[in-house]
Every structure is written in structure tokens, then in C-alpha cells.
file coords-v9.pdb (PDB, C-alpha atoms and all ligand atoms)
MODEL        1
ATOM      1  CA  MET A1443     -22.499  -3.704 -30.540  1.00  0.00           C
ATOM      2  CA  ALA A1444     -20.253  -6.576 -29.609  1.00  0.00           C
ATOM      3  CA  ILE A1445     -20.529  -9.891 -27.830  1.00  0.00           C
ATOM      4  CA  LEU A1446     -18.148  -9.950 -24.869  1.00  0.00           C
ATOM      5  CA  GLU A1447     -16.349 -12.964 -23.450  1.00  0.00           C
ATOM      6  CA  ILE A1448     -17.847 -14.190 -20.164  1.00  0.00           C
ATOM      7  CA  LEU A1449     -15.459 -15.215 -17.394  1.00  0.00           C
ATOM      8  CA  THR A1450     -16.273 -18.491 -15.661  1.00  0.00           C
ATOM      9  CA  ALA A1451     -15.501 -19.638 -12.125  1.00  0.00           C
ATOM     10  CA  PRO A1452     -13.015 -20.156 -10.673  1.00  0.00           C
ATOM     11  CA  ASP A1453     -11.471 -16.873 -11.863  1.00  0.00           C
ATOM     12  CA  PRO A1454     -10.012 -14.262  -9.490  1.00  0.00           C
ATOM     13  CA  ARG A1455     -11.496 -11.464 -11.615  1.00  0.00           C
ATOM     14  CA  LEU A1456     -14.980 -12.632 -10.597  1.00  0.00           C
ATOM     15  CA  THR A1457     -14.133 -11.956  -6.949  1.00  0.00           C
ATOM     16  CA  MET A1458     -13.044  -8.324  -7.486  1.00  0.00           C
ATOM     17  CA  LYS A1459     -15.193  -5.417  -6.345  1.00  0.00           C
ATOM     18  CA  SER A1460     -16.407  -3.118  -9.143  1.00  0.00           C
ATOM     19  CA  LEU A1461     -16.020   0.654  -9.037  1.00  0.00           C
ATOM     20  CA  PRO A1462     -18.900   3.156  -9.252  1.00  0.00           C
ATOM     21  CA  VAL A1463     -19.610   4.824 -12.564  1.00  0.00           C
ATOM     22  CA  GLU A1464     -19.106   8.609 -12.469  1.00  0.00           C
ATOM     23  CA  LYS A1465     -21.691   9.345 -15.122  1.00  0.00           C
ATOM     24  CA  VAL A1466     -23.654   7.295 -17.640  1.00  0.00           C
ATOM     25  CA  ASP A1467     -22.044   8.736 -20.759  1.00  0.00           C
ATOM     26  CA  ALA A1468     -21.646   7.371 -24.287  1.00  0.00           C
ATOM     27  CA  SER A1469     -18.967   4.872 -23.233  1.00  0.00           C
ATOM     28  CA  ILE A1470     -21.126   3.436 -20.431  1.00  0.00           C
ATOM     29  CA  ARG A1471     -24.127   3.281 -22.771  1.00  0.00           C
ATOM     30  CA  LYS A1472     -21.972   1.348 -25.231  1.00  0.00           C
ATOM     31  CA  LEU A1473     -20.974  -1.028 -22.422  1.00  0.00           C
ATOM     32  CA  MET A1474     -24.679  -1.478 -21.551  1.00  0.00           C
ATOM     33  CA  ASP A1475     -25.502  -2.293 -25.191  1.00  0.00           C
ATOM     34  CA  ASN A1476     -22.634  -4.784 -25.413  1.00  0.00           C
ATOM     35  CA  LEU A1477     -23.738  -6.443 -22.169  1.00  0.00           C
ATOM     36  CA  LEU A1478     -27.307  -6.717 -23.507  1.00  0.00           C
ATOM     37  CA  GLU A1479     -26.120  -8.329 -26.732  1.00  0.00           C
ATOM     38  CA  THR A1480     -23.913 -10.713 -24.728  1.00  0.00           C
ATOM     39  CA  LEU A1481     -26.857 -11.541 -22.444  1.00  0.00           C
ATOM     40  CA  TYR A1482     -29.167 -12.358 -25.373  1.00  0.00           C
ATOM     41  CA  ASP A1483     -26.450 -14.348 -27.141  1.00  0.00           C
ATOM     42  CA  ASN A1484     -26.104 -16.548 -24.030  1.00  0.00           C
ATOM     43  CA  ASN A1485     -29.863 -16.821 -23.322  1.00  0.00           C
ATOM     44  CA  GLY A1486     -29.346 -15.304 -19.884  1.00  0.00           C
ATOM     45  CA  VAL A1487     -31.677 -13.121 -17.799  1.00  0.00           C
ATOM     46  CA  GLY A1488     -29.082 -10.890 -16.164  1.00  0.00           C
ATOM     47  CA  ILE A1489     -25.438  -9.907 -16.509  1.00  0.00           C
ATOM     48  CA  ALA A1490     -22.975  -7.718 -14.641  1.00  0.00           C
ATOM     49  CA  ALA A1491     -20.039  -5.952 -16.334  1.00  0.00           C
ATOM     50  CA  ALA A1492     -17.687  -7.708 -13.886  1.00  0.00           C
ATOM     51  CA  GLN A1493     -18.527 -11.036 -15.564  1.00  0.00           C
ATOM     52  CA  THR A1494     -16.779  -9.724 -18.684  1.00  0.00           C
ATOM     53  CA  GLY A1495     -13.739  -8.498 -16.724  1.00  0.00           C
ATOM     54  CA  ILE A1496     -14.933  -4.863 -16.773  1.00  0.00           C
ATOM     55  CA  HIS A1497     -15.091  -3.780 -13.142  1.00  0.00           C
ATOM     56  CA  GLN A1498     -17.616  -0.958 -13.347  1.00  0.00           C
ATOM     57  CA  ARG A1499     -20.905  -1.030 -11.458  1.00  0.00           C
ATOM     58  CA  VAL A1500     -23.157  -1.757 -14.435  1.00  0.00           C
ATOM     59  CA  ILE A1501     -25.784  -4.494 -14.784  1.00  0.00           C
ATOM     60  CA  VAL A1502     -28.364  -5.392 -17.443  1.00  0.00           C
ATOM     61  CA  ILE A1503     -31.482  -7.505 -16.865  1.00  0.00           C
ATOM     62  CA  ASP A1504     -34.160  -8.904 -19.171  1.00  0.00           C
ATOM     63  CA  LEU A1505     -36.333 -11.622 -17.675  1.00  0.00           C
ATOM     64  CA  GLY A1506     -37.845 -12.501 -21.055  1.00  0.00           C
ATOM     65  CA  ASP A1507     -41.359 -12.614 -22.430  1.00  0.00           C
ATOM     66  CA  LYS A1508     -43.009 -14.059 -19.321  1.00  0.00           C
ATOM     67  CA  HIS A1509     -41.950 -11.128 -17.144  1.00  0.00           C
ATOM     68  CA  ASN A1510     -42.979  -7.827 -18.661  1.00  0.00           C
ATOM     69  CA  ILE A1511     -41.710  -5.652 -15.853  1.00  0.00           C
ATOM     70  CA  SER A1512     -40.850  -2.234 -17.281  1.00  0.00           C
ATOM     71  CA  PRO A1513     -38.379  -0.862 -18.056  1.00  0.00           C
ATOM     72  CA  LYS A1514     -37.346  -3.808 -20.209  1.00  0.00           C
ATOM     73  CA  PRO A1515     -34.486  -4.369 -20.712  1.00  0.00           C
ATOM     74  CA  LEU A1516     -33.404  -2.854 -17.421  1.00  0.00           C
ATOM     75  CA  PHE A1517     -30.081  -0.970 -17.556  1.00  0.00           C
ATOM     76  CA  MET A1518     -28.605  -0.036 -14.172  1.00  0.00           C
ATOM     77  CA  ALA A1519     -25.462   1.819 -13.182  1.00  0.00           C
ATOM     78  CA  ASN A1520     -24.479   2.072  -9.504  1.00  0.00           C
ATOM     79  CA  PRO A1521     -27.444   0.019  -8.223  1.00  0.00           C
ATOM     80  CA  GLU A1522     -27.890   0.393  -4.446  1.00  0.00           C
ATOM     81  CA  LEU A1523     -30.248  -1.782  -2.436  1.00  0.00           C
ATOM     82  CA  THR A1524     -32.088   0.661  -0.169  1.00  0.00           C
ATOM     83  CA  TRP A1525     -34.554  -1.731   1.415  1.00  0.00           C
ATOM     84  CA  LEU A1526     -34.869  -5.488   1.917  1.00  0.00           C
ATOM     85  CA  SER A1527     -38.101  -7.146   3.031  1.00  0.00           C
ATOM     86  CA  PRO A1528     -38.005  -9.388   6.092  1.00  0.00           C
ATOM     87  CA  ALA A1529     -39.922 -11.956   4.017  1.00  0.00           C
ATOM     88  CA  MET A1530     -37.601 -14.314   2.155  1.00  0.00           C
ATOM     89  CA  GLN A1531     -37.880 -16.416  -1.005  1.00  0.00           C
ATOM     90  CA  THR A1532     -35.996 -19.424  -2.330  1.00  0.00           C
ATOM     91  CA  THR A1533     -35.033 -19.352  -6.016  1.00  0.00           C
ATOM     92  CA  ALA A1534     -33.193 -21.895  -8.156  1.00  0.00           C
ATOM     93  CA  GLU A1535     -30.406 -19.661  -9.468  1.00  0.00           C
ATOM     94  CA  ALA A1536     -27.974 -20.163 -12.293  1.00  0.00           C
ATOM     95  CA  CYS A1537     -25.233 -17.920 -13.629  1.00  0.00           C
ATOM     96  CA  LEU A1538     -23.455 -17.495 -16.961  1.00  0.00           C
ATOM     97  CA  SER A1539     -20.184 -17.524 -14.981  1.00  0.00           C
ATOM     98  CA  VAL A1540     -21.066 -20.880 -13.369  1.00  0.00           C
ATOM     99  CA  PRO A1541     -22.130 -22.827 -16.468  1.00  0.00           C
ATOM    100  CA  ASN A1542     -24.212 -26.031 -16.270  1.00  0.00           C
ATOM    101  CA  PHE A1543     -25.067 -25.770 -12.576  1.00  0.00           C
ATOM    102  CA  SER A1544     -27.879 -24.341 -10.471  1.00  0.00           C
ATOM    103  CA  GLY A1545     -28.618 -24.065  -6.785  1.00  0.00           C
ATOM    104  CA  ASN A1546     -31.321 -22.879  -4.421  1.00  0.00           C
ATOM    105  CA  VAL A1547     -30.582 -19.467  -2.915  1.00  0.00           C
ATOM    106  CA  VAL A1548     -32.575 -17.764  -0.139  1.00  0.00           C
ATOM    107  CA  ARG A1549     -32.873 -13.970  -0.495  1.00  0.00           C
ATOM    108  CA  PRO A1550     -35.318 -11.220   0.506  1.00  0.00           C
ATOM    109  CA  LEU A1551     -38.605 -11.424  -1.441  1.00  0.00           C
ATOM    110  CA  GLU A1552     -38.936  -7.676  -2.031  1.00  0.00           C
ATOM    111  CA  ILE A1553     -36.344  -4.939  -2.426  1.00  0.00           C
ATOM    112  CA  GLY A1554     -35.999  -1.237  -3.033  1.00  0.00           C
ATOM    113  CA  VAL A1555     -33.205  -0.155  -5.361  1.00  0.00           C
ATOM    114  CA  THR A1556     -31.835   3.170  -6.615  1.00  0.00           C
ATOM    115  CA  TYR A1557     -29.692   3.441  -9.747  1.00  0.00           C
ATOM    116  CA  LEU A1558     -28.742   5.558 -12.736  1.00  0.00           C
ATOM    117  CA  ASP A1559     -30.541   4.555 -15.926  1.00  0.00           C
ATOM    118  CA  GLU A1560     -29.116   4.597 -19.469  1.00  0.00           C
ATOM    119  CA  ASN A1561     -29.852   8.345 -19.640  1.00  0.00           C
ATOM    120  CA  ASN A1562     -27.965   9.082 -16.398  1.00  0.00           C
ATOM    121  CA  GLN A1563     -31.279   9.718 -14.600  1.00  0.00           C
ATOM    122  CA  LYS A1564     -31.514   8.711 -10.946  1.00  0.00           C
ATOM    123  CA  MET A1565     -34.297   6.129 -10.638  1.00  0.00           C
ATOM    124  CA  THR A1566     -35.912   4.146  -7.842  1.00  0.00           C
ATOM    125  CA  LEU A1567     -37.693   0.830  -8.173  1.00  0.00           C
ATOM    126  CA  GLU A1568     -39.529  -1.492  -5.809  1.00  0.00           C
ATOM    127  CA  VAL A1569     -39.776  -5.059  -7.061  1.00  0.00           C
ATOM    128  CA  SER A1570     -40.499  -8.546  -5.780  1.00  0.00           C
ATOM    129  CA  GLY A1571     -40.122 -12.168  -6.834  1.00  0.00           C
ATOM    130  CA  LEU A1572     -37.834 -13.105  -9.693  1.00  0.00           C
ATOM    131  CA  MET A1573     -36.861  -9.502 -10.506  1.00  0.00           C
ATOM    132  CA  ALA A1574     -35.866  -8.878  -6.870  1.00  0.00           C
ATOM    133  CA  ASP A1575     -33.834 -12.084  -6.877  1.00  0.00           C
ATOM    134  CA  CYS A1576     -32.130 -11.238 -10.163  1.00  0.00           C
ATOM    135  CA  ILE A1577     -31.152  -7.695  -9.086  1.00  0.00           C
ATOM    136  CA  GLN A1578     -29.665  -9.049  -5.841  1.00  0.00           C
ATOM    137  CA  HIS A1579     -27.716 -11.707  -7.785  1.00  0.00           C
ATOM    138  CA  GLU A1580     -26.285  -9.069 -10.161  1.00  0.00           C
ATOM    139  CA  VAL A1581     -25.449  -6.586  -7.368  1.00  0.00           C
ATOM    140  CA  ASP A1582     -23.564  -9.446  -5.691  1.00  0.00           C
ATOM    141  CA  HIS A1583     -21.415  -9.734  -8.851  1.00  0.00           C
ATOM    142  CA  LEU A1584     -20.453  -6.053  -8.453  1.00  0.00           C
ATOM    143  CA  ASN A1585     -19.201  -6.926  -4.978  1.00  0.00           C
ATOM    144  CA  GLY A1586     -17.253  -9.957  -6.215  1.00  0.00           C
ATOM    145  CA  ILE A1587     -19.755 -12.502  -4.923  1.00  0.00           C
ATOM    146  CA  LEU A1588     -21.089 -15.444  -6.951  1.00  0.00           C
ATOM    147  CA  TYR A1589     -24.407 -17.093  -6.037  1.00  0.00           C
ATOM    148  CA  ILE A1590     -22.510 -20.249  -5.054  1.00  0.00           C
ATOM    149  CA  GLU A1591     -21.226 -18.284  -2.024  1.00  0.00           C
ATOM    150  CA  HIS A1592     -24.811 -18.571  -0.717  1.00  0.00           C
ATOM    151  CA  LEU A1593     -24.805 -22.381  -1.010  1.00  0.00           C
ATOM    152  CA  SER A1594     -23.381 -24.843   1.513  1.00  0.00           C
ATOM    153  CA  SER A1595     -19.587 -25.141   1.323  1.00  0.00           C
ATOM    154  CA  LEU A1596     -20.063 -28.804   0.306  1.00  0.00           C
ATOM    155  CA  LYS A1597     -22.168 -27.898  -2.754  1.00  0.00           C
ATOM    156  CA  ARG A1598     -19.971 -24.884  -3.606  1.00  0.00           C
ATOM    157  CA  ASN A1599     -16.744 -26.904  -3.493  1.00  0.00           C
ATOM    158  CA  LEU A1600     -18.302 -29.659  -5.585  1.00  0.00           C
ATOM    159  CA  ILE A1601     -19.297 -27.163  -8.292  1.00  0.00           C
ATOM    160  CA  LEU A1602     -15.910 -25.397  -8.208  1.00  0.00           C
ATOM    161  CA  SER A1603     -13.921 -28.636  -8.450  1.00  0.00           C
ATOM    162  CA  LYS A1604     -16.036 -29.804 -11.411  1.00  0.00           C
ATOM    163  CA  LEU A1605     -15.575 -26.443 -13.169  1.00  0.00           C
ATOM    164  CA  THR A1606     -11.816 -26.582 -12.495  1.00  0.00           C
ATOM    165  CA  LYS A1607     -11.625 -30.056 -14.071  1.00  0.00           C
ATOM    166  CA  ILE A1608     -13.542 -28.855 -17.150  1.00  0.00           C
ATOM    167  CA  LYS A1609     -11.146 -25.894 -17.488  1.00  0.00           C
ATOM    168  CA  ARG A1610      -8.096 -28.191 -17.248  1.00  0.00           C
ATOM    169  CA  LYS A1611      -9.461 -30.390 -20.045  1.00  0.00           C
ATOM    170  CA  GLN A1612     -10.069 -27.341 -22.256  1.00  0.00           C
ATOM    171  CA  ARG A1613      -6.475 -26.155 -21.875  1.00  0.00           C
TER     172      ARG A1613
HETATM  173 NI    NI B1701     -24.537 -14.409 -12.359  1.00  0.00          NI
ENDMDL
END

call {"tool": "encode", "arguments": {"input": "coords-v9.pdb", "output": "C-alpha cells", "more": "lines below"}}
Ligand code: NI
result
Amino acid sequence: MAILEILTAPDPRLTMKSLPVEKVDASIRKLMDNLLETLYDNNGVGIAAAQTGIHQRVIVIDLGDKHNISPKPLFMANPELTWLSPAMQTTAEACLSVPNFSGNVVRPLEIGVTYLDENNQKMTLEVSGLMADCIQHEVDHLNGILYIEHLSSLKRNLILSKLTKIKRKQR
């Protein structure tokens, strides 16, 4: 396994749409394992391959000890949201690609999702609460959307300008 470098905003690679996986084979399983190791190394709860510059529709989620939703960790290729509840929830979201910030995002409370698991089996899942929020956040990454796109333009621009300044100092 390997720890991958995580891209941080603003970076045009984070706005690119990821391509579907043809089959979950050994190379995709290796990618899933590397994403999991990267997730744990960064104390995150979810990660999309796109955040490491690999534009394949693969995400990995582990909400930690407080949320024993099986399967855990959750490996998904080609996740598709099939159903969104009319009921909404507000969650304070953060993202490994938007370090040191968080913001309240409103999303559907419950979702249905289909995906290929790490054994290339087609699975369906219905989840609510934090898991539903996290899957929607990661599927957004596959479509080139960061959670800050769901914030007001004022808050988004503030975060992006601060991140840009930090990047300039690091150069
Ligand atoms: Ni994220």
C-alpha cells in the first residue's frame, strides 16, 4: 500500500469529472487500498480518487468507531445516487482538499446508492444521516465539485483566497 498525495483547492484537477471504472480488477483494488491508507493517514472519513489526481470513479469511506455501518470500510466504484429523500439535513462538512476549513452544507437526509464493491459485485445501499452526507460529498468529487460550491459565494471566495495565500507562501 502507499500513501498518496492529496490535491488541495484551488487546483483545476479537483474540478475535473472522473471516468467510470470498467471493472473492479486488481489495479482498482490496489487503488482502493491506497486510498484507504491515505484516508487513515490524514484522519479523514471519506476520500475520492480524484483528490489524488486519479480521475476514476472510486471512493472509500470509513466513518470511524462511532459509526459501525457495514460494510466498513466502504469501497465503492461507479457510485450512482438512485434516490434522494425530500427531507434535508444540514451537516458541518470538511474536506482533505480544503484543509483547515469547514462549512454547513444542506443535502438530502436519506439516499439510495448503487455501486460496484471491491469484488466487482453490484451492490445497493440505503443510508441516512452522516453516511448519506459523506457519500454525497464523495460523489460530488467524482463530478468535480467541492463542498464549498454548496456554500454562499462570499464564504467560498473567502476560503479560496485564504488557501491561495497559503499556497503562495509555501512556494
Ligand atoms: Ni472532500

call {"tool": "closest_atom_pairs", "arguments": {"input": "coords-v9.pdb", "of": "chain A", "to": "ligand NI 1701 (chain B)", "cutoff": "6 Å", "atoms": "only C-alpha atoms and all ligand atoms", "output": "JSON lines"}}
result
{"residue": "A:Cys1537", "atom": "CA", "partner": "B:NI1701", "partner_atom": "NI", "distance": 3.8}
{"residue": "A:Leu1538", "atom": "CA", "partner": "B:NI1701", "partner_atom": "NI", "distance": 5.6}
{"residue": "A:Ser1539", "atom": "CA", "partner": "B:NI1701", "partner_atom": "NI", "distance": 6.0}

call {"tool": "write_last_selection", "arguments": {"input": "coords-v9.pdb", "atoms": "C-alpha atoms", "output": "tab-separated table (two decimals), in the frame of the given file"}}
result
chain	number	residue	atom	x	y	z
A	1537	CYS	CA	-25.23	-17.92	-13.63
A	1538	LEU	CA	-23.46	-17.50	-16.96
A	1539	SER	CA	-20.18	-17.52	-14.98

call {"tool": "closest_residue", "arguments": {"input": "coords-v9.pdb", "among": "A:Gln1612, A:Ser1595, A:Asn1585, A:Asn1561", "to": "Arg1455 of chain A", "atoms": "only C-alpha atoms"}}
result
A:Asn1585

call {"tool": "residues_around", "arguments": {"input": "coords-v9.pdb", "residues": "Val1555 of chain A", "least_positions_apart": "3", "cutoff": "6 Å", "atoms": "all atoms listed in the file", "output": "VMD selection string"}}
result
chain A and resid 1522 to 1524 1566 to 1567

call {"tool": "closest_atom_pairs", "arguments": {"input": "coords-v9.pdb", "of": "segment 1483-1570 of chain A", "to": "segment 1598-1603 of chain A", "cutoff": "12 Å", "atoms": "only C-alpha atoms", "output": "Markdown table"}}
result
| residue | atom | partner | partner_atom | distance |
| --- | --- | --- | --- | --- |
| A:Ala1536 | CA | A:Ile1601 | CA | 11.8 |
| A:Ser1539 | CA | A:Leu1602 | CA | 11.2 |
| A:Val1540 | CA | A:Ile1601 | CA | 8.3 |
| A:Pro1541 | CA | A:Ile1601 | CA | 9.7 |
| A:Asn1542 | CA | A:Ile1601 | CA | 9.4 |
| A:Phe1543 | CA | A:Ile1601 | CA | 7.3 |
| A:Ser1544 | CA | A:Ile1601 | CA | 9.3 |
| A:Gly1545 | CA | A:Arg1598 | CA | 9.2 |
| A:Asn1546 | CA | A:Arg1598 | CA | 11.6 |
| A:Val1547 | CA | A:Arg1598 | CA | 11.9 |

call {"tool": "write_last_selection", "arguments": {"input": "coords-v9.pdb", "atoms": "C-alpha atoms", "output": "PDB file, in the frame of the given file"}}
result
ATOM      1  CA  ALA A1536     -27.974 -20.163 -12.293  1.00  0.00           C
ATOM      2  CA  SER A1539     -20.184 -17.524 -14.981  1.00  0.00           C
ATOM      3  CA  VAL A1540     -21.066 -20.880 -13.369  1.00  0.00           C
ATOM      4  CA  PRO A1541     -22.130 -22.827 -16.468  1.00  0.00           C
ATOM      5  CA  ASN A1542     -24.212 -26.031 -16.270  1.00  0.00           C
ATOM      6  CA  PHE A1543     -25.067 -25.770 -12.576  1.00  0.00           C
ATOM      7  CA  SER A1544     -27.879 -24.341 -10.471  1.00  0.00           C
ATOM      8  CA  GLY A1545     -28.618 -24.065  -6.785  1.00  0.00           C
ATOM      9  CA  ASN A1546     -31.321 -22.879  -4.421  1.00  0.00           C
ATOM     10  CA  VAL A1547     -30.582 -19.467  -2.915  1.00  0.00           C
TER      11      VAL A1547
END

call {"tool": "atom_distance", "arguments": {"input": "coords-v9.pdb", "atom1": "atom CA of Leu1558 of chain A", "atom2": "atom CA of Ala1468 of chain A"}}
result
13.7 Å

call {"tool": "closest_residue", "arguments": {"input": "coords-v9.pdb", "among": "A:Ala1491, A:Ala1529, A:Leu1478, A:Ala1519", "to": "Ile1445 of chain A", "atoms": "all atoms listed in the file"}}
result
A:Leu1478

call {"tool": "closest_residue", "arguments": {"input": "coords-v9.pdb", "among": "A:Ile1503, A:Leu1446, A:Leu1588, A:Leu1593", "to": "Thr1480 of chain A", "atoms": "all atoms listed in the file"}}
result
A:Leu1446

call {"tool": "resolve_selection", "arguments": {"input": "coords-v9.pdb", "expression": "the PyMOL selection byres (((chain A and resi 1578-1582) around 9) and not hetatm)", "output": "list in words"}}
result
Gly1488, Ile1489, Ala1490, Arg1499, Val1500, Ile1501, Val1502, Ile1503, Asn1520, Pro1521, Glu1522, Leu1523, Glu1535, Cys1537, Arg1549, Pro1550, Ile1553, Met1573, Ala1574, Asp1575, Cys1576, Ile1577, His1583, Leu1584, Asn1585, Gly1586, Ile1587, Leu1588 and Tyr1589 of chain A

call {"tool": "closest_residue", "arguments": {"input": "coords-v9.pdb", "among": "A:Asn1510, A:Gln1498, A:Ser1570, A:Thr1606", "to": "Pro1462 of chain A", "atoms": "only C-alpha atoms"}}
result
A:Gln1498

call {"tool": "residues_near_point", "arguments": {"input": "coords-v9.pdb", "point": "(-23.6, 9.4, -20.9)", "cutoff": "10 Å", "atoms": "all atoms listed in the file", "output": "list in words"}}
result
Glu1464, Lys1465, Val1466, Asp1467, Ala1468, Ser1469, Ile1470, Arg1471, Lys1472, Asp1559, Glu1560, Asn1561, Asn1562 and Gln1563 of chain A

call {"tool": "residues_around", "arguments": {"input": "coords-v9.pdb", "residues": "Val1548 of chain A", "least_positions_apart": "4", "cutoff": "8 Å", "atoms": "only C-alpha atoms", "output": "ChimeraX atom specification"}}
result
/A:1530-1533,1592

call {"tool": "atom_distance", "arguments": {"input": "coords-v9.pdb", "atom1": "atom CA of Thr1457 of chain A", "atom2": "atom CA of Pro1513 of chain A"}}
result
28.9 Å

call {"tool": "closest_residue", "arguments": {"input": "coords-v9.pdb", "among": "A:Leu1481, A:Leu1572, A:Leu1449, A:Asp1475", "to": "Ile1511 of chain A", "atoms": "all atoms listed in the file"}}
result
A:Leu1572

call {"tool": "closest_residue", "arguments": {"input": "coords-v9.pdb", "among": "A:Ser1512, A:Asn1476, A:Thr1556, A:Asn1484", "to": "Met1443 of chain A", "atoms": "all atoms listed in the file"}}
result
A:Asn1476

call {"tool": "resolve_selection", "arguments": {"input": "coords-v9.pdb", "expression": "the PyMOL selection byres (((chain A and resi 1495) around 9) and not hetatm)", "output": "list in words"}}
result
Glu1447, Ile1448, Leu1449, Arg1455, Leu1456, Ala1491, Ala1492, Gln1493, Thr1494, Ile1496 and His1497 of chain A

call {"tool": "atom_distance", "arguments": {"input": "coords-v9.pdb", "atom1": "atom CA of Ile1590 of chain A", "atom2": "atom CA of Leu1551 of chain A"}}
result
18.7 Å

call {"tool": "axis_aligned_box", "arguments": {"input": "coords-v9.pdb", "around": "segment 1470-1487 of chain A", "padding_each_side": "4 Å", "output": "JSON"}}
result
{"center_x": -26.3, "center_y": -6.7, "center_z": -22.5, "size_x": 18.7, "size_y": 28.3, "size_z": 17.3}

call {"tool": "decode", "arguments": {"input": "coords-v9.pdb", "residues": "segment 1542-1566 of chain A", "atoms": "N, CA and C atoms", "output": "PDB file, in the first residue's frame"}}
result
ATOM      1  N   ASN A1542      -8.283  22.878   6.884  1.00  0.00           N
ATOM      2  CA  ASN A1542      -8.448  23.885   7.947  1.00  0.00           C
ATOM      3  C   ASN A1542      -9.721  24.718   7.856  1.00  0.00           C
ATOM      4  N   PHE A1543     -10.687  24.279   7.038  1.00  0.00           N
ATOM      5  CA  PHE A1543     -11.953  24.992   6.979  1.00  0.00           C
ATOM      6  C   PHE A1543     -13.107  24.005   7.132  1.00  0.00           C
ATOM      7  N   SER A1544     -14.286  24.530   7.471  1.00  0.00           N
ATOM      8  CA  SER A1544     -15.494  23.713   7.434  1.00  0.00           C
ATOM      9  C   SER A1544     -16.655  24.642   7.114  1.00  0.00           C
ATOM     10  N   GLY A1545     -17.761  24.039   6.714  1.00  0.00           N
ATOM     11  CA  GLY A1545     -18.929  24.846   6.375  1.00  0.00           C
ATOM     12  C   GLY A1545     -20.179  23.995   6.410  1.00  0.00           C
ATOM     13  N   ASN A1546     -21.307  24.641   6.712  1.00  0.00           N
ATOM     14  CA  ASN A1546     -22.573  23.920   6.781  1.00  0.00           C
ATOM     15  C   ASN A1546     -23.148  23.701   5.392  1.00  0.00           C
ATOM     16  N   VAL A1547     -23.441  22.435   5.076  1.00  0.00           N
ATOM     17  CA  VAL A1547     -23.981  22.083   3.765  1.00  0.00           C
ATOM     18  C   VAL A1547     -25.329  21.385   3.959  1.00  0.00           C
ATOM     19  N   VAL A1548     -26.314  21.789   3.156  1.00  0.00           N
ATOM     20  CA  VAL A1548     -27.649  21.183   3.201  1.00  0.00           C
ATOM     21  C   VAL A1548     -27.747  20.144   2.090  1.00  0.00           C
ATOM     22  N   ARG A1549     -28.069  18.917   2.453  1.00  0.00           N
ATOM     23  CA  ARG A1549     -28.213  17.822   1.471  1.00  0.00           C
ATOM     24  C   ARG A1549     -29.362  16.924   1.899  1.00  0.00           C
ATOM     25  N   PRO A1550     -29.864  16.074   0.976  1.00  0.00           N
ATOM     26  CA  PRO A1550     -30.894  15.113   1.361  1.00  0.00           C
ATOM     27  C   PRO A1550     -30.447  14.239   2.545  1.00  0.00           C
ATOM     28  N   LEU A1551     -31.414  13.952   3.428  1.00  0.00           N
ATOM     29  CA  LEU A1551     -31.146  13.189   4.659  1.00  0.00           C
ATOM     30  C   LEU A1551     -30.910  11.707   4.375  1.00  0.00           C
ATOM     31  N   GLU A1552     -31.653  11.178   3.396  1.00  0.00           N
ATOM     32  CA  GLU A1552     -31.531   9.750   3.069  1.00  0.00           C
ATOM     33  C   GLU A1552     -31.290   9.603   1.578  1.00  0.00           C
ATOM     34  N   ILE A1553     -30.523   8.560   1.229  1.00  0.00           N
ATOM     35  CA  ILE A1553     -30.241   8.311  -0.191  1.00  0.00           C
ATOM     36  C   ILE A1553     -30.247   6.815  -0.479  1.00  0.00           C
ATOM     37  N   GLY A1554     -30.485   6.488  -1.741  1.00  0.00           N
ATOM     38  CA  GLY A1554     -30.222   5.153  -2.245  1.00  0.00           C
ATOM     39  C   GLY A1554     -29.030   5.248  -3.173  1.00  0.00           C
ATOM     40  N   VAL A1555     -28.161   4.241  -3.144  1.00  0.00           N
ATOM     41  CA  VAL A1555     -26.963   4.281  -3.982  1.00  0.00           C
ATOM     42  C   VAL A1555     -26.662   2.872  -4.503  1.00  0.00           C
ATOM     43  N   THR A1556     -26.277   2.786  -5.778  1.00  0.00           N
ATOM     44  CA  THR A1556     -25.777   1.527  -6.329  1.00  0.00           C
ATOM     45  C   THR A1556     -24.296   1.717  -6.629  1.00  0.00           C
ATOM     46  N   TYR A1557     -23.537   0.625  -6.589  1.00  0.00           N
ATOM     47  CA  TYR A1557     -22.093   0.715  -6.822  1.00  0.00           C
ATOM     48  C   TYR A1557     -21.528  -0.681  -7.031  1.00  0.00           C
ATOM     49  N   LEU A1558     -20.278  -0.727  -7.463  1.00  0.00           N
ATOM     50  CA  LEU A1558     -19.530  -1.981  -7.513  1.00  0.00           C
ATOM     51  C   LEU A1558     -18.637  -2.024  -6.278  1.00  0.00           C
ATOM     52  N   ASP A1559     -18.659  -3.148  -5.563  1.00  0.00           N
ATOM     53  CA  ASP A1559     -17.797  -3.249  -4.381  1.00  0.00           C
ATOM     54  C   ASP A1559     -16.395  -3.720  -4.781  1.00  0.00           C
ATOM     55  N   GLU A1560     -15.552  -3.965  -3.787  1.00  0.00           N
ATOM     56  CA  GLU A1560     -14.146  -4.323  -4.059  1.00  0.00           C
ATOM     57  C   GLU A1560     -14.017  -5.681  -4.753  1.00  0.00           C
ATOM     58  N   ASN A1561     -15.114  -6.444  -4.798  1.00  0.00           N
ATOM     59  CA  ASN A1561     -15.098  -7.728  -5.515  1.00  0.00           C
ATOM     60  C   ASN A1561     -15.844  -7.654  -6.844  1.00  0.00           C
ATOM     61  N   ASN A1562     -16.070  -6.429  -7.313  1.00  0.00           N
ATOM     62  CA  ASN A1562     -16.774  -6.188  -8.585  1.00  0.00           C
ATOM     63  C   ASN A1562     -18.230  -6.656  -8.546  1.00  0.00           C
ATOM     64  N   GLN A1563     -18.798  -6.755  -7.336  1.00  0.00           N
ATOM     65  CA  GLN A1563     -20.209  -7.144  -7.203  1.00  0.00           C
ATOM     66  C   GLN A1563     -21.066  -5.888  -7.188  1.00  0.00           C
ATOM     67  N   LYS A1564     -22.179  -5.920  -7.926  1.00  0.00           N
ATOM     68  CA  LYS A1564     -23.104  -4.790  -7.914  1.00  0.00           C
ATOM     69  C   LYS A1564     -23.888  -4.794  -6.605  1.00  0.00           C
ATOM     70  N   MET A1565     -23.835  -3.684  -5.880  1.00  0.00           N
ATOM     71  CA  MET A1565     -24.460  -3.588  -4.564  1.00  0.00           C
ATOM     72  C   MET A1565     -25.438  -2.412  -4.553  1.00  0.00           C
ATOM     73  N   THR A1566     -26.413  -2.495  -3.636  1.00  0.00           N
ATOM     74  CA  THR A1566     -27.268  -1.334  -3.383  1.00  0.00           C
ATOM     75  C   THR A1566     -27.282  -1.087  -1.880  1.00  0.00           C
TER      76      THR A1566
END
